[in-house]
Structure formats: structure tokens, C-alpha cells
file entry.txt (compact mmCIF, C-alpha atoms)
# COMPACT_ATOMS: atom_id res chain seq x y z
CA MET A 40 -28.76 -74.15 1.83
CA LYS A 41 -26.06 -71.70 0.77
CA ARG A 42 -28.41 -68.76 1.35
CA ILE A 43 -29.35 -70.08 4.81
CA LEU A 44 -25.67 -70.52 5.69
CA GLN A 45 -24.99 -66.97 4.61
CA TYR A 46 -27.62 -65.62 7.00
CA ILE A 47 -26.40 -67.85 9.85
CA VAL A 48 -22.84 -66.61 9.39
CA ALA A 49 -24.12 -63.00 9.12
CA THR A 50 -25.95 -63.43 12.46
CA ILE A 51 -22.81 -64.82 14.11
CA LEU A 52 -20.86 -61.88 12.68
CA ALA A 53 -23.47 -59.47 14.05
CA LEU A 54 -23.29 -60.95 17.56
CA ALA A 55 -19.47 -60.90 17.54
CA ILE A 56 -19.40 -57.25 16.43
CA LEU A 57 -22.02 -56.38 19.05
CA ALA A 58 -19.98 -58.02 21.81
CA LEU A 59 -16.79 -56.29 20.64
CA ILE A 60 -18.46 -52.87 20.61
CA THR A 61 -19.91 -53.42 24.10
CA ILE A 62 -16.50 -54.43 25.46
CA ASN A 63 -14.81 -51.43 23.84
CA ILE A 64 -17.40 -49.05 25.31
CA LEU A 65 -16.75 -50.45 28.80
CA THR A 66 -12.95 -50.51 28.48
CA SER A 67 -12.90 -46.93 27.23
CA SER A 68 -15.10 -45.70 30.08
CA ILE A 69 -15.68 -47.21 33.51
CA LEU A 70 -12.77 -49.67 33.22
CA SER A 71 -10.28 -46.91 32.32
CA LYS A 72 -8.49 -45.13 35.17
CA GLU A 73 -7.70 -42.11 32.99
CA TYR A 74 -11.34 -41.80 31.95
CA VAL A 75 -12.55 -41.90 35.57
CA LEU A 76 -9.98 -39.30 36.67
CA GLY A 77 -11.10 -37.08 33.81
CA LYS A 78 -14.73 -37.45 34.90
CA LEU A 79 -13.83 -36.54 38.49
CA GLN A 80 -12.27 -33.32 37.23
CA GLU A 81 -15.10 -32.61 34.80
CA GLN A 82 -17.80 -33.00 37.48
CA ASN A 83 -15.97 -30.80 40.03
CA TYR A 84 -15.74 -33.84 42.29
CA TYR A 85 -12.93 -32.41 44.47
CA GLU A 86 -14.83 -29.17 45.11
CA LYS A 87 -18.04 -31.04 45.98
CA THR A 88 -16.23 -33.51 48.23
CA TYR A 89 -14.42 -30.67 50.01
CA ASN A 90 -17.77 -29.01 50.77
CA GLU A 91 -19.20 -32.33 51.96
CA VAL A 92 -16.19 -32.97 54.19
CA GLU A 93 -16.59 -29.52 55.78
CA SER A 94 -20.33 -30.09 56.26
CA ASN A 95 -19.82 -33.53 57.85
CA PHE A 96 -17.18 -32.17 60.21
CA GLU A 97 -19.61 -29.52 61.43
CA ASN A 98 -22.07 -32.26 62.47
CA TYR A 99 -19.65 -33.28 65.23
CA ILE A 100 -18.69 -29.86 66.55
CA ASN A 101 -21.78 -29.14 68.69
CA GLN A 102 -21.53 -32.34 70.72
CA SER A 103 -17.81 -31.75 71.29
CA GLY A 104 -18.29 -28.40 73.03
CA LEU A 105 -15.50 -26.88 70.94
CA ASP A 106 -15.61 -23.74 68.83
CA GLU A 107 -16.34 -24.13 65.10
CA GLU A 108 -13.08 -22.34 64.33
CA VAL A 109 -11.12 -25.47 65.32
CA LEU A 110 -12.24 -27.05 62.03
CA LYS A 111 -10.95 -24.20 59.90
CA ASP A 112 -8.36 -25.20 57.25
CA ILE A 113 -7.69 -28.66 58.67
CA VAL A 114 -8.32 -30.10 55.19
CA THR A 115 -7.54 -28.59 51.77
CA LYS A 116 -8.93 -29.30 48.30
CA GLU A 117 -5.42 -30.27 47.23
CA LYS A 118 -5.29 -32.99 49.89
CA ILE A 119 -8.69 -34.32 48.80
CA GLN A 120 -7.47 -34.49 45.19
CA LYS A 121 -4.24 -36.21 46.24
CA ASP A 122 -6.04 -38.75 48.46
CA THR A 123 -8.68 -39.44 45.80
CA LYS A 124 -5.93 -40.30 43.31
CA ILE A 125 -4.45 -42.67 45.91
CA ILE A 126 -7.82 -44.44 46.14
CA ILE A 127 -8.12 -44.63 42.33
CA ASN A 128 -4.58 -46.05 42.08
CA ASN A 129 -5.42 -48.63 44.75
CA ILE A 130 -8.46 -49.70 42.74
CA TYR A 131 -7.06 -49.67 39.21
CA ASN A 132 -3.34 -50.31 39.74
CA GLY A 133 -3.51 -52.65 42.73
CA MET A 134 -1.60 -50.29 45.01
CA ASP A 135 -2.02 -50.59 48.78
CA GLU A 136 -1.33 -47.01 49.82
CA LYS A 137 -3.03 -45.70 52.92
CA ILE A 138 -4.60 -42.28 53.34
CA ASP A 139 -2.43 -40.13 55.61
CA THR A 140 -4.57 -38.38 58.24
CA GLU A 141 -1.63 -37.17 60.35
CA GLU A 142 -1.80 -33.76 58.69
CA ILE A 143 -5.48 -33.46 59.67
CA LYS A 144 -4.67 -34.56 63.24
CA ASP A 145 -1.87 -32.04 63.57
CA ASN A 146 -3.94 -29.18 62.17
CA LEU A 147 -6.94 -30.04 64.33
CA ASN A 148 -4.90 -30.44 67.53
CA LYS A 149 -3.16 -27.14 66.81
CA ASN A 150 -6.48 -25.35 66.30
CA ILE A 151 -7.94 -26.88 69.48
CA ASN A 152 -4.91 -25.84 71.58
CA ASN A 153 -5.10 -22.30 70.19
CA SER A 154 -8.85 -22.18 70.87
CA LEU A 155 -8.63 -23.42 74.48
CA ASN A 156 -5.42 -21.50 75.21
CA ARG A 157 -4.90 -23.44 78.42
CA LYS A 158 -3.75 -26.74 79.77
CA THR A 159 -6.32 -29.51 79.46
CA THR A 160 -7.19 -32.07 82.10
CA ALA A 161 -6.72 -35.77 81.47
CA THR A 162 -10.48 -36.21 80.96
CA GLU A 163 -10.61 -33.29 78.51
CA GLN A 164 -7.61 -34.58 76.60
CA LYS A 165 -9.19 -38.01 76.27
CA ALA A 166 -12.37 -36.41 74.87
CA ILE A 167 -10.29 -34.30 72.47
CA ASP A 168 -8.36 -37.36 71.25
CA THR A 169 -11.65 -39.18 70.63
CA PHE A 170 -12.99 -36.15 68.73
CA VAL A 171 -9.84 -35.96 66.59
CA GLU A 172 -10.02 -39.68 65.76
CA THR A 173 -13.70 -39.32 64.88
CA ILE A 174 -12.97 -36.42 62.52
CA CYS A 175 -10.18 -38.39 60.79
CA SER A 176 -12.42 -41.44 60.43
CA GLU A 177 -15.21 -39.24 59.02
CA TYR A 178 -12.77 -37.82 56.48
CA GLU A 179 -11.80 -41.29 55.24
CA THR A 180 -15.47 -42.29 55.00
CA THR A 181 -16.47 -39.15 53.09
CA ILE A 182 -13.76 -39.55 50.46
CA SER A 183 -14.81 -43.22 50.17
CA HIS A 184 -11.59 -44.80 51.39
CA THR A 185 -12.63 -48.33 52.38
CA ASN A 186 -11.22 -51.80 52.94
CA TYR A 187 -12.85 -52.96 49.69
CA GLU A 188 -10.31 -51.34 47.35
CA LYS A 189 -8.25 -54.56 47.12
CA LYS A 190 -11.34 -56.64 46.37
CA ILE A 191 -12.46 -54.18 43.68
CA ASN A 192 -8.98 -54.29 42.12
CA SER A 193 -9.03 -58.08 42.16
CA ALA A 194 -12.42 -58.09 40.43
CA LEU A 195 -11.18 -55.57 37.84
CA ASN A 196 -8.12 -57.70 37.12
CA GLN A 197 -10.35 -60.72 36.51
CA ILE A 198 -12.64 -58.69 34.26
CA ASN A 199 -9.69 -57.32 32.26
CA LYS A 200 -8.25 -60.81 31.92
CA TYR A 201 -11.51 -62.14 30.48
CA ILE A 202 -11.88 -59.05 28.29
CA ASP A 203 -8.45 -59.64 26.74
CA LEU A 204 -9.39 -63.24 25.96
CA ALA A 205 -12.82 -62.20 24.67
CA ASN A 206 -11.32 -59.54 22.40
CA LYS A 207 -8.95 -62.04 20.80
CA ALA A 208 -11.70 -64.65 20.41
CA LEU A 209 -14.15 -62.14 18.93
CA LEU A 210 -11.60 -60.86 16.41
CA VAL A 211 -11.02 -64.46 15.30
CA VAL A 212 -14.79 -65.05 15.01
CA ILE A 213 -15.21 -61.84 12.98
CA GLY A 214 -12.31 -62.75 10.70
CA VAL A 215 -13.56 -66.30 10.13
CA SER A 216 -17.13 -65.08 9.56
CA VAL A 217 -16.05 -62.57 6.92
CA LEU A 218 -13.91 -65.23 5.24
CA LEU A 219 -16.86 -67.68 5.20
CA LEU A 220 -19.11 -65.01 3.73
CA ILE A 221 -16.57 -64.38 0.97
CA LEU A 222 -16.41 -68.11 0.20
CA LEU A 223 -20.21 -68.48 0.27
CA THR A 224 -20.71 -65.50 -2.05
CA ILE A 225 -17.65 -66.04 -4.24
CA ARG A 226 -19.70 -66.42 -7.43
CA ARG A 227 -21.59 -63.23 -6.69
CA ILE A 228 -19.17 -61.45 -4.38
CA TYR A 229 -21.33 -58.33 -4.21
CA ARG A 230 -23.77 -60.31 -2.03
CA ILE A 231 -21.33 -59.95 0.83
CA LEU A 232 -22.44 -56.31 1.03
CA ALA A 233 -25.99 -57.46 1.80
CA ARG A 234 -24.85 -59.97 4.42
CA ILE A 235 -22.55 -57.53 6.21
CA GLY A 236 -25.27 -54.91 5.87
CA THR A 237 -27.67 -57.31 7.56
CA ALA A 238 -25.20 -57.82 10.41
CA PHE A 239 -24.81 -54.07 10.87
CA VAL A 240 -28.57 -53.50 10.82
CA ILE A 241 -29.08 -56.21 13.48
CA ASP A 242 -26.40 -54.64 15.70
CA GLY A 243 -27.72 -51.14 15.18
CA ILE A 244 -31.28 -52.08 16.08
CA LEU A 245 -30.19 -54.09 19.15
CA LEU A 246 -27.99 -51.26 20.46
CA ILE A 247 -30.67 -48.62 19.95
CA LEU A 248 -33.30 -50.83 21.60
CA ALA A 249 -30.92 -51.53 24.51
CA LYS A 250 -30.41 -47.79 25.05
CA ILE A 251 -34.16 -47.11 24.91
CA TYR A 252 -34.93 -50.01 27.29
CA ILE A 253 -32.29 -49.01 29.87
CA SER A 254 -33.38 -45.37 29.77
CA SER A 255 -37.01 -46.38 30.31
CA LYS A 256 -36.20 -48.65 33.25
CA ILE A 257 -33.55 -46.60 35.06
CA ASN A 258 -33.79 -42.92 35.97
CA ILE A 259 -30.07 -42.17 36.01
CA SER A 260 -30.54 -38.67 37.45
CA THR A 261 -31.88 -40.21 40.70
CA ILE A 262 -29.02 -42.67 41.27
CA MET A 263 -27.24 -41.97 44.57
CA LEU A 264 -24.07 -43.71 45.76
CA LEU A 265 -21.99 -42.92 48.88
CA ASN A 266 -22.01 -39.12 48.42
CA SER A 267 -23.22 -36.45 46.02
CA GLY A 268 -19.81 -36.09 44.34
CA ILE A 269 -19.55 -39.78 43.46
CA SER A 270 -23.23 -39.87 42.49
CA ASP A 271 -22.74 -37.02 39.99
CA VAL A 272 -19.69 -38.75 38.49
CA LEU A 273 -21.54 -42.07 38.23
CA GLN A 274 -24.56 -40.43 36.61
CA SER A 275 -22.29 -38.67 34.09
CA ILE A 276 -20.49 -41.93 33.24
CA LEU A 277 -23.74 -43.86 32.78
CA ASN A 278 -25.22 -41.11 30.60
CA GLU A 279 -22.08 -41.09 28.47
CA ILE A 280 -22.11 -44.89 28.12
CA LEU A 281 -25.74 -44.77 26.98
CA GLY A 282 -24.82 -41.98 24.58
CA LYS A 283 -22.02 -44.12 23.13
CA ILE A 284 -24.41 -47.06 22.77
CA LEU A 285 -26.92 -44.90 20.89
CA TYR A 286 -24.18 -43.39 18.71
CA ALA A 287 -22.69 -46.80 17.83
CA GLY A 288 -26.18 -48.18 17.13
CA SER A 289 -27.06 -45.26 14.85
CA ILE A 290 -23.77 -45.54 12.92
CA LEU A 291 -24.12 -49.30 12.44
CA LEU A 292 -27.77 -49.04 11.41
CA SER A 293 -26.90 -46.31 8.89
CA LEU A 294 -23.95 -48.30 7.49
CA GLY A 295 -26.12 -51.41 7.26
CA ILE A 296 -28.79 -49.57 5.30
CA ILE A 297 -26.17 -47.98 3.01
CA LEU A 298 -24.53 -51.36 2.28
CA THR A 299 -27.93 -52.92 1.61
CA ILE A 300 -28.81 -50.09 -0.80
CA ILE A 301 -25.47 -50.43 -2.59
CA TYR A 302 -26.11 -54.18 -2.89
CA GLY A 303 -29.55 -53.47 -4.32
CA ILE A 304 -28.12 -51.02 -6.85
CA ILE A 305 -25.40 -53.45 -7.98
CA LYS A 306 -27.94 -56.28 -8.22
CA GLY A 307 -30.31 -54.07 -10.24
CA VAL A 308 -27.55 -52.95 -12.62
CA ARG A 309 -26.42 -56.54 -13.17
CA LYS A 310 -29.98 -57.67 -13.79
CA ALA A 311 -30.59 -54.86 -16.29
CA LYS A 312 -27.33 -55.72 -18.05
CA ARG A 313 -28.29 -59.39 -18.34
CA GLU A 314 -31.72 -58.53 -19.69
CA LYS A 315 -30.17 -56.20 -22.24
CA GLU A 316 -27.71 -58.90 -23.37
CA GLN A 317 -30.52 -61.45 -23.70
CA TYR A 318 -32.80 -59.12 -25.71
CA THR A 319 -32.80 -59.80 -29.45
CA PRO A 320 -34.73 -57.27 -31.61
CA GLU A 321 -36.96 -58.56 -34.45
CA ASP A 322 -35.86 -58.01 -38.07
call {"tool": "encode", "arguments": {"input": "entry.txt", "output": "C-alpha cells"}}
result
Amino acid sequence: MKRILQYIVATILALAILALITINILTSSILSKEYVLGKLQEQNYYEKTYNEVESNFENYINQSGLDEEVLKDIVTKEKIQKDTKIIINNIYNGMDEKIDTEEIKDNLNKNINNSLNRKTTATEQKAIDTFVETICSEYETTISHTNYEKKINSALNQINKYIDLANKALLVVIGVSVLLLILLTIRRIYRILARIGTAFVIDGILLILAKIYISSKINISTIMLLNSGISDVLQSILNEILGKILYAGSILLSLGIILTIIYGIIKGVRKAKREKEQYTPED
């Protein structure tokens, strides 16, 4: 019964450690604002988004009848970086800051006036105003500024709340499990190495299998979301998460095997010592 209890507690310990590792991987990656901002920079997101903004603007120029030059320098990479950080702050910090498109309007209207170099009719001005509003709306869409930022922030707050509770609960479970293993192996305390080793091996195998399964089912390089810049960032984040899962699994599996080997060595030494003490040579 004691041996069975030891393995039950070791399994509970393994599951608690597995859950804690999974939570820590998520909180240190996709749930971290600093991590996401770093990934945006690393993947040249601002450069890619700038190019996409320029390309999307050009799709509207032919139907407007205006010269392409009117779109020149109405948006800068610095503005895209600034506005992207506003969106990230809205999502992660619960801010409600709006994207300012007045600068784009002013630049575009200035370029249009310089291009036409004449007074416009009321009909022309109405068409120009519509074109300017369309360009501003397209800009907000391309940089992924939506009405869902508040809802995403609310969901993140709920997730973080549950994560905090889960972390505390899991640490208690891990502490109690280790304490129970100590009590159950108190007469042969070295057996705790085998039980903890078993827990680590279970976690290592499960994490490695999870990484292999996800990689076989999902082709991350083909994932597309909203625009190419965001897709590249998402792909990089997912690849890094899978890399962390594989790394954690490999470390735990290695530690589990090492602890099991150490247990085997200690057990063998103790057994040899007992046999030596019991041996009585003949006269």
C-alpha cells in the first residue's frame, strides 16, 4: 500500500509540475506585453506593416483619379511603431487610447491640394473627403486597430486572474506532494529520488510528445492572421513556445533519468553493504 501511495503522489506531483511549467511558458511569452513588443521588433513588424500600408493605399489611388504622389509620406514608420504600441497597451494594460489619424488627413489633404493646384468644386471636394476617410480607415485596419481590444484585455485579465490562483494552488500541491513523499519514504529516504525521478520522467515524456504531436498536426509556417507582419510574429511566437516545451521536456526527462540512476546506485551500494555485513566466513 505504501508503495502504491508513493506512485500516486508522484503522479500528482508530475501533473502539478507539468501544469506549472505550461503556465510559466505562456506567461513568459504570449501573455507578456514586453515579450510581444520584443517579437514585433525582432520580426521587423514595423517595416513590414509600413510596406503593407503603402501597398494598400495604392489600391485606392486608381479609382480616385488622383496622382500617386498624393500618397507620398503621409505615413511614417515611426507613426506605425507609435500606434502599434498604443494598440498593445490597449490590449495588455486596459488603456482606451484611440489611433490619431488627423496627421494622415492633414498630410493627404496637403498633397492633394498641391497636386491639383486649383480650387475644387463641391462635388470634387466631397469625393476627396470620402477618399481621405477611406485611406484613414484602411490605415487603422492594416495596423489591426479594432473594437475588440477591450474584449481581448478583459479576457486577458480573466486569464491572468486564474493563472495567479492556479500558480498558488499548484505550488501548494507540489509542496504537499514532496512532503508526503518524504513521510512515505522516511525509513528509506533515498527512495524519494526514484519517486521524484518518476515524476520528472512522466513530465518530460508528456512535454516531448505534446511538441511532436502539435508539430505534426499544425504547419506553423502556413498560419496567416490579419496581415503578413502579424502572421510572421505569430509564427515566431508559436515556434518559440514549442521550442520551450521541447527544451523543458528534455531537461525534465534527463533529470528524471539521472535521479533514477542515482537512486539505483544508492540502492545497490546499500544492498552490497548489507550482504557484506551478513556474510560470515567459515573457520
call {"tool": "residues_around", "arguments": {"input": "entry.txt", "residues": "Asn63 in chain A", "least_positions_apart": "4", "cutoff": "12 Å", "atoms": "all atoms listed in the file", "output": "ChimeraX atom specification"}}
result
/A:56-59,67-71,199,202-203,205-206,209,280,283-284,287
call {"tool": "residues_around", "arguments": {"input": "entry.txt", "residues": "Thr224 in chain A", "least_positions_apart": "2", "cutoff": "12 Å", "atoms": "only C-alpha atoms", "output": "list of chain:residue names"}}
result
A:Lys41, A:Arg42, A:Ile43, A:Leu44, A:Gln45, A:Tyr46, A:Val48, A:Ala49, A:Val217, A:Leu218, A:Leu219, A:Leu220, A:Ile221, A:Leu222, A:Arg226, A:Arg227, A:Ile228, A:Tyr229, A:Arg230, A:Ile231, A:Leu232, A:Ala233, A:Arg234, A:Ile235
call {"tool": "atom_distance", "arguments": {"input": "entry.txt", "atom1": "CA of Ile151 in chain A", "atom2": "CA of Gln164 in chain A"}}
result
10.5 Å
call {"tool": "closest_residue", "arguments": {"input": "entry.txt", "among": "A:Tyr302, A:Tyr286, A:Tyr89, A:Tyr74", "to": "Thr181 in chain A", "atoms": "all atoms listed in the file"}}
result
A:Tyr89
call {"tool": "atom_distance", "arguments": {"input": "entry.txt", "atom1": "CA of Leu285 in chain A", "atom2": "CA of Gly77 in chain A"}}
result
21.9 Å
call {"tool": "residues_around", "arguments": {"input": "entry.txt", "residues": "Glu86 in chain A", "least_positions_apart": "4", "cutoff": "10 Å", "atoms": "all atoms listed in the file", "output": "ChimeraX atom specification"}}
result
/A:79-80,82,90-92,115-117,119-120,268
call {"tool": "write_last_selection", "arguments": {"input": "entry.txt", "atoms": "C-alpha atoms", "output": "PDB file, in the coordinates of the input"}}
result
ATOM      1  CA  LEU A  79     -13.830 -36.540  38.490  1.00  0.00           C
ATOM      2  CA  GLN A  80     -12.270 -33.320  37.230  1.00  0.00           C
ATOM      3  CA  GLN A  82     -17.800 -33.000  37.480  1.00  0.00           C
ATOM      4  CA  ASN A  90     -17.770 -29.010  50.770  1.00  0.00           C
ATOM      5  CA  GLU A  91     -19.200 -32.330  51.960  1.00  0.00           C
ATOM      6  CA  VAL A  92     -16.190 -32.970  54.190  1.00  0.00           C
ATOM      7  CA  THR A 115      -7.540 -28.590  51.770  1.00  0.00           C
ATOM      8  CA  LYS A 116      -8.930 -29.300  48.300  1.00  0.00           C
ATOM      9  CA  GLU A 117      -5.420 -30.270  47.230  1.00  0.00           C
ATOM     10  CA  ILE A 119      -8.690 -34.320  48.800  1.00  0.00           C
ATOM     11  CA  GLN A 120      -7.470 -34.490  45.190  1.00  0.00           C
ATOM     12  CA  GLY A 268     -19.810 -36.090  44.340  1.00  0.00           C
TER      13      GLY A 268
END
call {"tool": "atom_distance", "arguments": {"input": "entry.txt", "atom1": "CA of Ser289 in chain A", "atom2": "CA of Gly243 in chain A"}}
result
5.9 Å
call {"tool": "residues_around", "arguments": {"input": "entry.txt", "residues": "Thr123 in chain A", "least_positions_apart": "6", "cutoff": "10 Å", "atoms": "only C-alpha atoms", "output": "JSON list (two decimals) with C-alpha atoms, in the frame of the given file"}}
result
[["chain", "number", "residue", "atom", "x", "y", "z"],
["A", 76, "LEU", "CA", -9.98, -39.30, 36.67],
["A", 79, "LEU", "CA", -13.83, -36.54, 38.49],
["A", 84, "TYR", "CA", -15.74, -33.84, 42.29],
["A", 85, "TYR", "CA", -12.93, -32.41, 44.47],
["A", 88, "THR", "CA", -16.23, -33.51, 48.23],
["A", 117, "GLU", "CA", -5.42, -30.27, 47.23],
["A", 129, "ASN", "CA", -5.42, -48.63, 44.75],
["A", 138, "ILE", "CA", -4.60, -42.28, 53.34],
["A", 182, "ILE", "CA", -13.76, -39.55, 50.46],
["A", 183, "SER", "CA", -14.81, -43.22, 50.17],
["A", 184, "HIS", "CA", -11.59, -44.80, 51.39]]
call {"tool": "residues_around", "arguments": {"input": "entry.txt", "residues": "range 101-104 of chain A", "least_positions_apart": "2", "cutoff": "9 Å", "atoms": "all atoms listed in the file", "output": "NGL selection string"}}
result
:A and (97-99 or 106-107 or 166-167 or 170)
call {"tool": "closest_atom_pairs", "arguments": {"input": "entry.txt", "of": "range 203-266 of chain A", "to": "range 270-279 of chain A", "cutoff": "7 Å", "atoms": "all atoms listed in the file", "output": "CSV"}}
result
residue,atom,partner,partner_atom,distance
A:Ile259,CA,A:Gln274,CA,5.8
A:Ser260,CA,A:Gln274,CA,6.3
A:Ile262,CA,A:Ser270,CA,6.5
A:Met263,CA,A:Ser270,CA,5.0
A:Leu264,CA,A:Ser270,CA,5.1
A:Asn266,CA,A:Ser270,CA,6.1
call {"tool": "closest_residue", "arguments": {"input": "entry.txt", "among": "A:Val75, A:Leu54, A:Ala194, A:Ile60", "to": "Ala238 in chain A", "atoms": "all atoms listed in the file"}}
result
A:Leu54
call {"tool": "build_atoms", "arguments": {"input": "entry.txt", "residues": "range 195-210 of chain A", "atoms": "N, CA and C atoms", "output": "tab-separated table (two decimals), keeping the file's coordinate frame"}}
result
chain	number	residue	atom	x	y	z
A	195	LEU	N	-11.55	-56.25	39.09
A	195	LEU	CA	-11.18	-55.57	37.84
A	195	LEU	C	-10.13	-56.35	37.06
A	196	ASN	N	-9.16	-56.89	37.78
A	196	ASN	CA	-8.12	-57.70	37.12
A	196	ASN	C	-8.72	-58.92	36.43
A	197	GLN	N	-9.67	-59.56	37.11
A	197	GLN	CA	-10.35	-60.72	36.51
A	197	GLN	C	-11.13	-60.31	35.27
A	198	ILE	N	-11.85	-59.19	35.39
A	198	ILE	CA	-12.64	-58.69	34.26
A	198	ILE	C	-11.73	-58.37	33.07
A	199	ASN	N	-10.63	-57.68	33.33
A	199	ASN	CA	-9.69	-57.32	32.26
A	199	ASN	C	-9.06	-58.55	31.61
A	200	LYS	N	-8.81	-59.56	32.44
A	200	LYS	CA	-8.25	-60.81	31.92
A	200	LYS	C	-9.22	-61.46	30.94
A	201	TYR	N	-10.49	-61.55	31.35
A	201	TYR	CA	-11.51	-62.14	30.48
A	201	TYR	C	-11.77	-61.28	29.24
A	202	ILE	N	-11.67	-59.96	29.42
A	202	ILE	CA	-11.88	-59.05	28.29
A	202	ILE	C	-10.79	-59.25	27.24
A	203	ASP	N	-9.55	-59.40	27.68
A	203	ASP	CA	-8.45	-59.64	26.74
A	203	ASP	C	-8.69	-60.92	25.94
A	204	LEU	N	-9.10	-61.98	26.64
A	204	LEU	CA	-9.39	-63.24	25.96
A	204	LEU	C	-10.58	-63.10	25.01
A	205	ALA	N	-11.62	-62.40	25.49
A	205	ALA	CA	-12.82	-62.20	24.67
A	205	ALA	C	-12.51	-61.40	23.42
A	206	ASN	N	-11.69	-60.36	23.56
A	206	ASN	CA	-11.32	-59.54	22.40
A	206	ASN	C	-10.63	-60.37	21.33
A	207	LYS	N	-9.68	-61.19	21.76
A	207	LYS	CA	-8.95	-62.04	20.80
A	207	LYS	C	-9.90	-63.04	20.13
A	208	ALA	N	-10.76	-63.66	20.95
A	208	ALA	CA	-11.70	-64.65	20.41
A	208	ALA	C	-12.67	-64.00	19.43
A	209	LEU	N	-13.17	-62.82	19.78
A	209	LEU	CA	-14.15	-62.14	18.93
A	209	LEU	C	-13.53	-61.70	17.60
A	210	LEU	N	-12.27	-61.25	17.66
A	210	LEU	CA	-11.60	-60.86	16.41
A	210	LEU	C	-11.42	-62.07	15.49
